[in-house]
Structures are given as C-alpha cells and as structure tokens.
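A.B. asks: Enclosed is the structure file entry-v2.cif (mmCIF, C-alpha atoms).
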data_my_file
#
loop_
_atom_site.group_PDB
_atom_site.id
_atom_site.type_symbol
_atom_site.label_atom_id
_atom_site.label_comp_id
_atom_site.auth_asym_id
_atom_site.auth_seq_id
_atom_site.Cartn_x
_atom_site.Cartn_y
_atom_site.Cartn_z
ATOM 1 C CA MET H 229 28.594 -7.199 -26.543
ATOM 2 C CA GLN H 230 31.411 -9.334 -27.934
ATOM 3 C CA ILE H 231 33.097 -9.565 -24.531
ATOM 4 C CA VAL H 232 29.897 -10.909 -23.007
ATOM 5 C CA ARG H 233 29.630 -13.490 -25.778
ATOM 6 C CA TRP H 234 33.240 -14.593 -25.181
ATOM 7 C CA ILE H 235 32.552 -14.940 -21.455
ATOM 8 C CA LEU H 236 29.297 -16.850 -21.938
ATOM 9 C CA PHE H 237 30.149 -19.193 -24.819
ATOM 10 C CA PHE H 238 31.657 -21.910 -22.619
ATOM 11 C CA PRO H 239 29.059 -22.158 -19.818
ATOM 12 C CA VAL H 240 26.116 -21.775 -22.209
ATOM 13 C CA SER H 241 27.445 -24.460 -24.548
ATOM 14 C CA VAL H 242 28.105 -26.924 -21.714
ATOM 15 C CA VAL H 243 24.613 -26.404 -20.245
ATOM 16 C CA CYS H 244 22.980 -26.831 -23.662
ATOM 17 C CA GLY H 245 25.034 -29.963 -24.292
ATOM 18 C CA TYR H 246 23.909 -31.525 -21.022
ATOM 19 C CA VAL H 247 20.285 -30.635 -21.730
ATOM 20 C CA ALA H 248 20.572 -32.319 -25.146
ATOM 21 C CA TYR H 249 22.226 -35.330 -23.487
ATOM 22 C CA ALA H 250 19.451 -35.614 -20.903
ATOM 23 C CA ILE H 251 16.575 -35.157 -23.345
ATOM 24 C CA GLY H 252 18.139 -37.338 -26.047
ATOM 25 C CA GLY H 253 18.994 -40.098 -23.594
ATOM 26 C CA ALA H 254 15.514 -40.028 -22.083
ATOM 27 C CA VAL H 255 13.843 -40.163 -25.497
ATOM 28 C CA ASN H 256 16.126 -43.018 -26.574
ATOM 29 C CA ASN H 257 15.435 -45.022 -23.420
ATOM 30 C CA PHE H 258 11.704 -44.348 -23.582
ATOM 31 C CA SER H 259 11.396 -45.301 -27.249
ATOM 32 C CA VAL H 260 13.355 -48.540 -26.831
ATOM 33 C CA ASP H 261 11.295 -49.375 -23.772
ATOM 34 C CA LEU H 262 8.106 -48.835 -25.785
ATOM 35 C CA LEU H 263 9.365 -50.919 -28.708
ATOM 36 C CA THR H 264 10.776 -53.869 -26.806
ATOM 37 C CA GLY H 265 8.810 -53.722 -23.565
ATOM 38 C CA ASN H 266 12.044 -53.948 -21.569
ATOM 39 C CA PRO H 267 14.642 -51.431 -20.500
ATOM 40 C CA PRO H 268 17.668 -51.427 -22.825
ATOM 41 C CA GLU H 269 20.506 -53.751 -21.910
ATOM 42 C CA GLY H 270 23.614 -55.241 -23.471
ATOM 43 C CA LEU H 271 24.591 -54.002 -26.918
ATOM 44 C CA MET H 272 21.449 -51.887 -27.206
ATOM 45 C CA LYS H 273 22.396 -50.023 -24.006
ATOM 46 C CA ILE H 274 25.910 -49.390 -25.314
ATOM 47 C CA ILE H 275 24.578 -47.999 -28.597
ATOM 48 C CA MET H 276 22.058 -45.800 -26.819
ATOM 49 C CA ASP H 277 24.714 -44.406 -24.481
ATOM 50 C CA ALA H 278 26.910 -43.602 -27.479
ATOM 51 C CA ALA H 279 23.966 -41.838 -29.157
ATOM 52 C CA ALA H 280 23.262 -39.735 -26.064
ATOM 53 C CA TYR H 281 26.905 -38.666 -25.904
ATOM 54 C CA LEU H 282 26.800 -37.936 -29.624
ATOM 55 C CA TYR H 283 24.051 -35.404 -28.847
ATOM 56 C CA LEU H 284 26.191 -33.937 -26.063
ATOM 57 C CA GLY H 285 29.223 -33.481 -28.310
ATOM 58 C CA ALA H 286 27.322 -32.104 -31.275
ATOM 59 C CA VAL H 287 25.165 -29.631 -29.356
ATOM 60 C CA THR H 288 28.014 -28.411 -27.131
ATOM 61 C CA THR H 289 30.229 -27.720 -30.132
ATOM 62 C CA PHE H 290 27.424 -26.159 -32.187
ATOM 63 C CA VAL H 291 26.262 -23.812 -29.411
ATOM 64 C CA ALA H 292 29.842 -22.785 -28.567
ATOM 65 C CA VAL H 293 30.454 -21.776 -32.168
ATOM 66 C CA LYS H 294 27.142 -19.921 -32.411
ATOM 67 C CA VAL H 295 27.651 -17.968 -29.166
ATOM 68 C CA ALA H 296 31.350 -17.094 -29.596
ATOM 69 C CA PRO H 297 31.606 -13.919 -31.703
ATOM 70 C CA SER H 298 34.475 -15.046 -33.952
ATOM 71 C CA ARG H 299 37.105 -17.715 -34.630
ATOM 72 C CA PRO H 300 34.711 -20.677 -35.013
ATOM 73 C CA SER H 301 37.422 -23.201 -35.879
ATOM 74 C CA TYR H 302 39.458 -22.349 -32.769
ATOM 75 C CA VAL H 303 36.382 -22.403 -30.552
ATOM 76 C CA ALA H 304 35.329 -25.789 -31.956
ATOM 77 C CA ALA H 305 38.813 -27.220 -31.482
ATOM 78 C CA GLY H 306 38.960 -25.934 -27.886
ATOM 79 C CA ILE H 307 35.565 -27.411 -27.013
ATOM 80 C CA PHE H 308 36.575 -30.672 -28.693
ATOM 81 C CA VAL H 309 39.724 -30.913 -26.556
ATOM 82 C CA PHE H 310 37.750 -30.088 -23.398
ATOM 83 C CA LEU H 311 35.151 -32.755 -24.170
ATOM 84 C CA LEU H 312 37.789 -35.386 -24.923
ATOM 85 C CA ILE H 313 39.550 -34.641 -21.632
ATOM 86 C CA PHE H 314 36.186 -34.873 -19.861
ATOM 87 C CA ALA H 315 35.468 -38.186 -21.608
ATOM 88 C CA GLY H 316 38.975 -39.502 -20.973
ATOM 89 C CA VAL H 317 38.533 -38.996 -17.246
ATOM 90 C CA THR H 318 35.533 -41.344 -17.362
ATOM 91 C CA VAL H 319 37.627 -44.203 -18.763
ATOM 92 C CA VAL H 320 39.645 -44.643 -15.559
ATOM 93 C CA PRO H 321 36.699 -45.513 -13.260
ATOM 94 C CA SER H 322 35.184 -47.652 -16.003
ATOM 95 C CA ALA H 323 38.404 -49.622 -16.399
ATOM 96 C CA ALA H 324 38.759 -49.956 -12.628
ATOM 97 C CA VAL H 325 35.568 -52.012 -12.437
ATOM 98 C CA ASP H 326 36.344 -53.993 -15.630
ATOM 99 C CA THR H 327 33.547 -52.478 -17.709
ATOM 100 C CA PHE H 328 34.476 -50.512 -20.735
ATOM 101 C CA TYR H 329 31.160 -48.812 -21.448
ATOM 102 C CA ALA H 330 32.989 -45.483 -21.391
ATOM 103 C CA VAL H 331 34.724 -46.373 -24.654
ATOM 104 C CA SER H 332 31.418 -46.319 -26.537
ATOM 105 C CA THR H 333 30.529 -42.973 -25.001
ATOM 106 C CA ILE H 334 33.872 -41.520 -26.069
ATOM 107 C CA ILE H 335 33.241 -42.763 -29.601
ATOM 108 C CA GLY H 336 29.798 -41.131 -29.602
ATOM 109 C CA LEU H 337 31.200 -37.885 -28.226
ATOM 110 C CA PHE H 338 33.983 -37.931 -30.820
ATOM 111 C CA LEU H 339 31.562 -38.501 -33.700
ATOM 112 C CA GLY H 340 29.260 -35.708 -32.542
ATOM 113 C CA CYS H 341 32.123 -33.217 -32.287
ATOM 114 C CA VAL H 342 33.695 -34.232 -35.584
ATOM 115 C CA GLY H 343 30.382 -33.964 -37.434
ATOM 116 C CA ILE H 344 29.847 -30.387 -36.301
ATOM 117 C CA GLN H 345 33.504 -29.482 -36.902
ATOM 118 C CA ALA H 346 33.209 -30.665 -40.488
ATOM 119 C CA GLY H 347 30.375 -28.169 -40.975
ATOM 120 C CA ILE H 348 32.452 -25.446 -39.354
ATOM 121 C CA PHE H 349 35.533 -26.039 -41.469
ATOM 122 C CA ILE H 350 33.598 -26.034 -44.744
ATOM 123 C CA GLY H 351 31.907 -22.801 -43.702
ATOM 124 C CA GLU H 352 28.321 -23.994 -43.233
ATOM 125 C CA ILE H 353 28.200 -23.269 -39.483
ATOM 126 C CA VAL H 354 29.192 -19.753 -38.506
ATOM 127 C CA PRO H 355 28.819 -17.620 -35.354
ATOM 128 C CA PHE H 356 25.460 -15.953 -34.820
ATOM 129 C CA GLY H 357 25.092 -12.784 -36.861
ATOM 130 C CA GLU H 358 27.687 -13.672 -39.521
ATOM 131 C CA LYS H 359 26.998 -14.646 -43.104
ATOM 132 C CA ARG H 360 27.986 -17.985 -44.565
ATOM 133 C CA LYS H 361 30.751 -17.912 -47.136
#
Represent the structure from my file as structure tokens, please.
C.D. replies:
Amino acid sequence: MQIVRWILFFPVSVVCGYVAYAIGGAVNNFSVDLLTGNPPEGLMKIIMDAAAYLYLGAVTTFVAVKVAPSRPSYVAAGIFVFLLIFAGVTVVPSAAVDTFYAVSTIIGLFLGCVGIQAGIFIGEIVPFGEKRK
C-alpha cells in the first residue's frame, strides 16, 4: 500500500490544489462581484489572484503530505520547489507583456506553502494514519 501512496501523492496533490484554486478563485470573484456590483479590477484583482494561488499552494502541500506515507518534511520541500518552478515559469510571459501580475501570484503561492510547511515542521501535520508527536 505504501508504494501506491508514493506513486499517487504527486498527481493527487496537484489535482486537489487546482480544484482548490478553481473553487477558491470562483468564490472570491463571486463574493467581490456581489459586494461591489462590478468584477474585480486593479489592486483588488491582484489581491484576489494572490489569494487563489495561496489556496493552490496550501492545499497542494497539505494533500501531498497526507498522501505520502512518510518523510513529510521532504515531501513538503519537494512540492514547494515544484510549485516555485511552476510559478517562476509564469513570470517570463508576464514580464514580456509588461504586466507583473505573476509576482503577486508567486507571493500567494509562497505564503500558502510556507504556512503548511510551518505546521509540518512543528509536527502538527503528519501523513495519514500517523500520530502527531
């Protein structure tokens, strides 16, 4: 069973992260639209994009640690590096068209990952089936 968990931790965590990103982004956009009567734009749009990517980073890291059978700190660090590479690739097209909206998304992604990693390193978040220290 552990081999299956090692094989599945990456794809399952990425899918769950994108689902959280899609649902969180949709709820953010919908709630701001209801409050203001207009779609988000300007600074509000930048903040909402960062929040959606925060969901992506946090959920991806959390699910990866829960699905992987052991070594939560290594799994979290590996997912963090993967997500930062993924986010770094988005900076190039953003800079090419002189908009730097990708910087706010990288900050959101970074904060989401770091928040979950803090819980992992203090022992509050452990793989499924293990006891907290």
A.B. asks: How close does range 296-316 of chain H get to range 328-344 of chain H? List, as JSON lines, each residue of range 296-316 of chain H within 9 Å, its nearest atom pair and the distance in Å to one decimal, counting all atoms listed in the file.
C.D. replies:
{"residue": "H:Ala304", "atom": "CA", "partner": "H:Cys341", "partner_atom": "CA", "distance": 8.1}
{"residue": "H:Ile307", "atom": "CA", "partner": "H:Cys341", "partner_atom": "CA", "distance": 8.6}
{"residue": "H:Phe308", "atom": "CA", "partner": "H:Cys341", "partner_atom": "CA", "distance": 6.3}
{"residue": "H:Leu311", "atom": "CA", "partner": "H:Leu337", "partner_atom": "CA", "distance": 7.6}
{"residue": "H:Leu312", "atom": "CA", "partner": "H:Ile334", "partner_atom": "CA", "distance": 7.4}
{"residue": "H:Ala315", "atom": "CA", "partner": "H:Ile334", "partner_atom": "CA", "distance": 5.8}
{"residue": "H:Gly316", "atom": "CA", "partner": "H:Ile334", "partner_atom": "CA", "distance": 7.5}
A.B. asks: Can you turn the PyMOL selection byres ((chain H and resi 232-243) around 9) into a concrete residue list for this file, as an MDAnalysis selection string?
C.D. replies: chainID H and resid 229:231 244:248 284 287:298 307
A.B. asks: Counting all atoms listed in the file, which of H:Val317, H:Glu352, H:Ala280, H:Gly285 gets nearest to Ala250 in chain H?
C.D. replies: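 Going through H:Val317, H:Glu352, H:Ala280, H:Gly285 one by one, the smallest distance to Ala250 in chain H is for H:Ala280.
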A.B. asks: I'd like the interatomic distance between CA of Asn266 in chain H and CA of Ala254 in chain H, to a tenth of an Å.
C.D. replies: 14.4 Å
A.B. asks: Would you write out, as a PyMOL selection string, every residue that the PyMOL selection byres ((chain H and resi 301) around 8) captures in this file?
C.D. replies: chain H and resi 299-300+302-305+345+348-349
A.B. asks: How far is it from CA of Ile313 in chain H to CA of Met276 in chain H, in Å with one decimal?
C.D. replies: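 Result for CA of Ile313 in chain H versus CA of Met276 in chain H: 21.4 Å, one decimal.
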A.B. asks: What is the distance, in Å and to one decimal place, between CA of Phe356 in chain H and CA of Asn256 in chain H?
C.D. replies: 29.8 Å
A.B. asks: From the list H:Gly252, H:Val320, H:Ser259, H:Ala346, which residue is nearest Leu282 in chain H when using all atoms listed in the file?
C.D. replies: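 Among the listed residues, H:Gly252 lies closest to Leu282 in chain H.
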A.B. asks: Take range 255-273 of chain H, model N, CA and C atoms, and hand the result over as a PDB file, in the frame of the given file.
C.D. replies:
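What follows is the written file selection_3.pdb:
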ATOM      1  N   VAL H 255      14.660 -39.768 -24.345  1.00  0.00           N
ATOM      2  CA  VAL H 255      13.843 -40.163 -25.497  1.00  0.00           C
ATOM      3  C   VAL H 255      14.306 -41.518 -26.040  1.00  0.00           C
ATOM      4  N   ASN H 256      15.617 -41.720 -26.116  1.00  0.00           N
ATOM      5  CA  ASN H 256      16.126 -43.018 -26.574  1.00  0.00           C
ATOM      6  C   ASN H 256      15.663 -44.147 -25.665  1.00  0.00           C
ATOM      7  N   ASN H 257      15.841 -43.979 -24.363  1.00  0.00           N
ATOM      8  CA  ASN H 257      15.435 -45.022 -23.420  1.00  0.00           C
ATOM      9  C   ASN H 257      13.938 -45.277 -23.481  1.00  0.00           C
ATOM     10  N   PHE H 258      13.154 -44.218 -23.545  1.00  0.00           N
ATOM     11  CA  PHE H 258      11.704 -44.348 -23.582  1.00  0.00           C
ATOM     12  C   PHE H 258      11.249 -45.059 -24.850  1.00  0.00           C
ATOM     13  N   SER H 259      11.825 -44.685 -25.995  1.00  0.00           N
ATOM     14  CA  SER H 259      11.396 -45.301 -27.249  1.00  0.00           C
ATOM     15  C   SER H 259      11.792 -46.771 -27.325  1.00  0.00           C
ATOM     16  N   VAL H 260      12.962 -47.131 -26.830  1.00  0.00           N
ATOM     17  CA  VAL H 260      13.355 -48.540 -26.831  1.00  0.00           C
ATOM     18  C   VAL H 260      12.490 -49.331 -25.861  1.00  0.00           C
ATOM     19  N   ASP H 261      12.168 -48.720 -24.734  1.00  0.00           N
ATOM     20  CA  ASP H 261      11.295 -49.375 -23.772  1.00  0.00           C
ATOM     21  C   ASP H 261       9.914 -49.613 -24.378  1.00  0.00           C
ATOM     22  N   LEU H 262       9.403 -48.653 -25.135  1.00  0.00           N
ATOM     23  CA  LEU H 262       8.106 -48.835 -25.785  1.00  0.00           C
ATOM     24  C   LEU H 262       8.164 -49.908 -26.867  1.00  0.00           C
ATOM     25  N   LEU H 263       9.244 -49.945 -27.613  1.00  0.00           N
ATOM     26  CA  LEU H 263       9.365 -50.919 -28.708  1.00  0.00           C
ATOM     27  C   LEU H 263       9.550 -52.348 -28.210  1.00  0.00           C
ATOM     28  N   THR H 264      10.441 -52.516 -27.246  1.00  0.00           N
ATOM     29  CA  THR H 264      10.776 -53.869 -26.806  1.00  0.00           C
ATOM     30  C   THR H 264      10.007 -54.311 -25.572  1.00  0.00           C
ATOM     31  N   GLY H 265       9.500 -53.375 -24.801  1.00  0.00           N
ATOM     32  CA  GLY H 265       8.810 -53.722 -23.565  1.00  0.00           C
ATOM     33  C   GLY H 265       9.747 -53.909 -22.388  1.00  0.00           C
ATOM     34  N   ASN H 266      11.043 -53.794 -22.624  1.00  0.00           N
ATOM     35  CA  ASN H 266      12.044 -53.948 -21.569  1.00  0.00           C
ATOM     36  C   ASN H 266      12.996 -52.775 -21.601  1.00  0.00           C
ATOM     37  N   PRO H 267      13.596 -52.457 -20.462  1.00  0.00           N
ATOM     38  CA  PRO H 267      14.642 -51.431 -20.500  1.00  0.00           C
ATOM     39  C   PRO H 267      15.820 -51.919 -21.341  1.00  0.00           C
ATOM     40  N   PRO H 268      16.538 -51.007 -21.984  1.00  0.00           N
ATOM     41  CA  PRO H 268      17.668 -51.427 -22.825  1.00  0.00           C
ATOM     42  C   PRO H 268      18.772 -52.076 -21.995  1.00  0.00           C
ATOM     43  N   GLU H 269      19.383 -53.086 -22.570  1.00  0.00           N
ATOM     44  CA  GLU H 269      20.506 -53.751 -21.910  1.00  0.00           C
ATOM     45  C   GLU H 269      21.432 -54.316 -22.969  1.00  0.00           C
ATOM     46  N   GLY H 270      22.635 -54.649 -22.561  1.00  0.00           N
ATOM     47  CA  GLY H 270      23.614 -55.241 -23.471  1.00  0.00           C
ATOM     48  C   GLY H 270      24.060 -54.283 -24.554  1.00  0.00           C
ATOM     49  N   LEU H 271      24.123 -54.791 -25.782  1.00  0.00           N
ATOM     50  CA  LEU H 271      24.591 -54.002 -26.918  1.00  0.00           C
ATOM     51  C   LEU H 271      23.684 -52.805 -27.177  1.00  0.00           C
ATOM     52  N   MET H 272      22.384 -52.995 -27.000  1.00  0.00           N
ATOM     53  CA  MET H 272      21.449 -51.887 -27.206  1.00  0.00           C
ATOM     54  C   MET H 272      21.745 -50.743 -26.234  1.00  0.00           C
ATOM     55  N   LYS H 273      22.072 -51.046 -25.005  1.00  0.00           N
ATOM     56  CA  LYS H 273      22.396 -50.023 -24.006  1.00  0.00           C
ATOM     57  C   LYS H 273      23.674 -49.277 -24.392  1.00  0.00           C
TER      58      LYS H 273
END
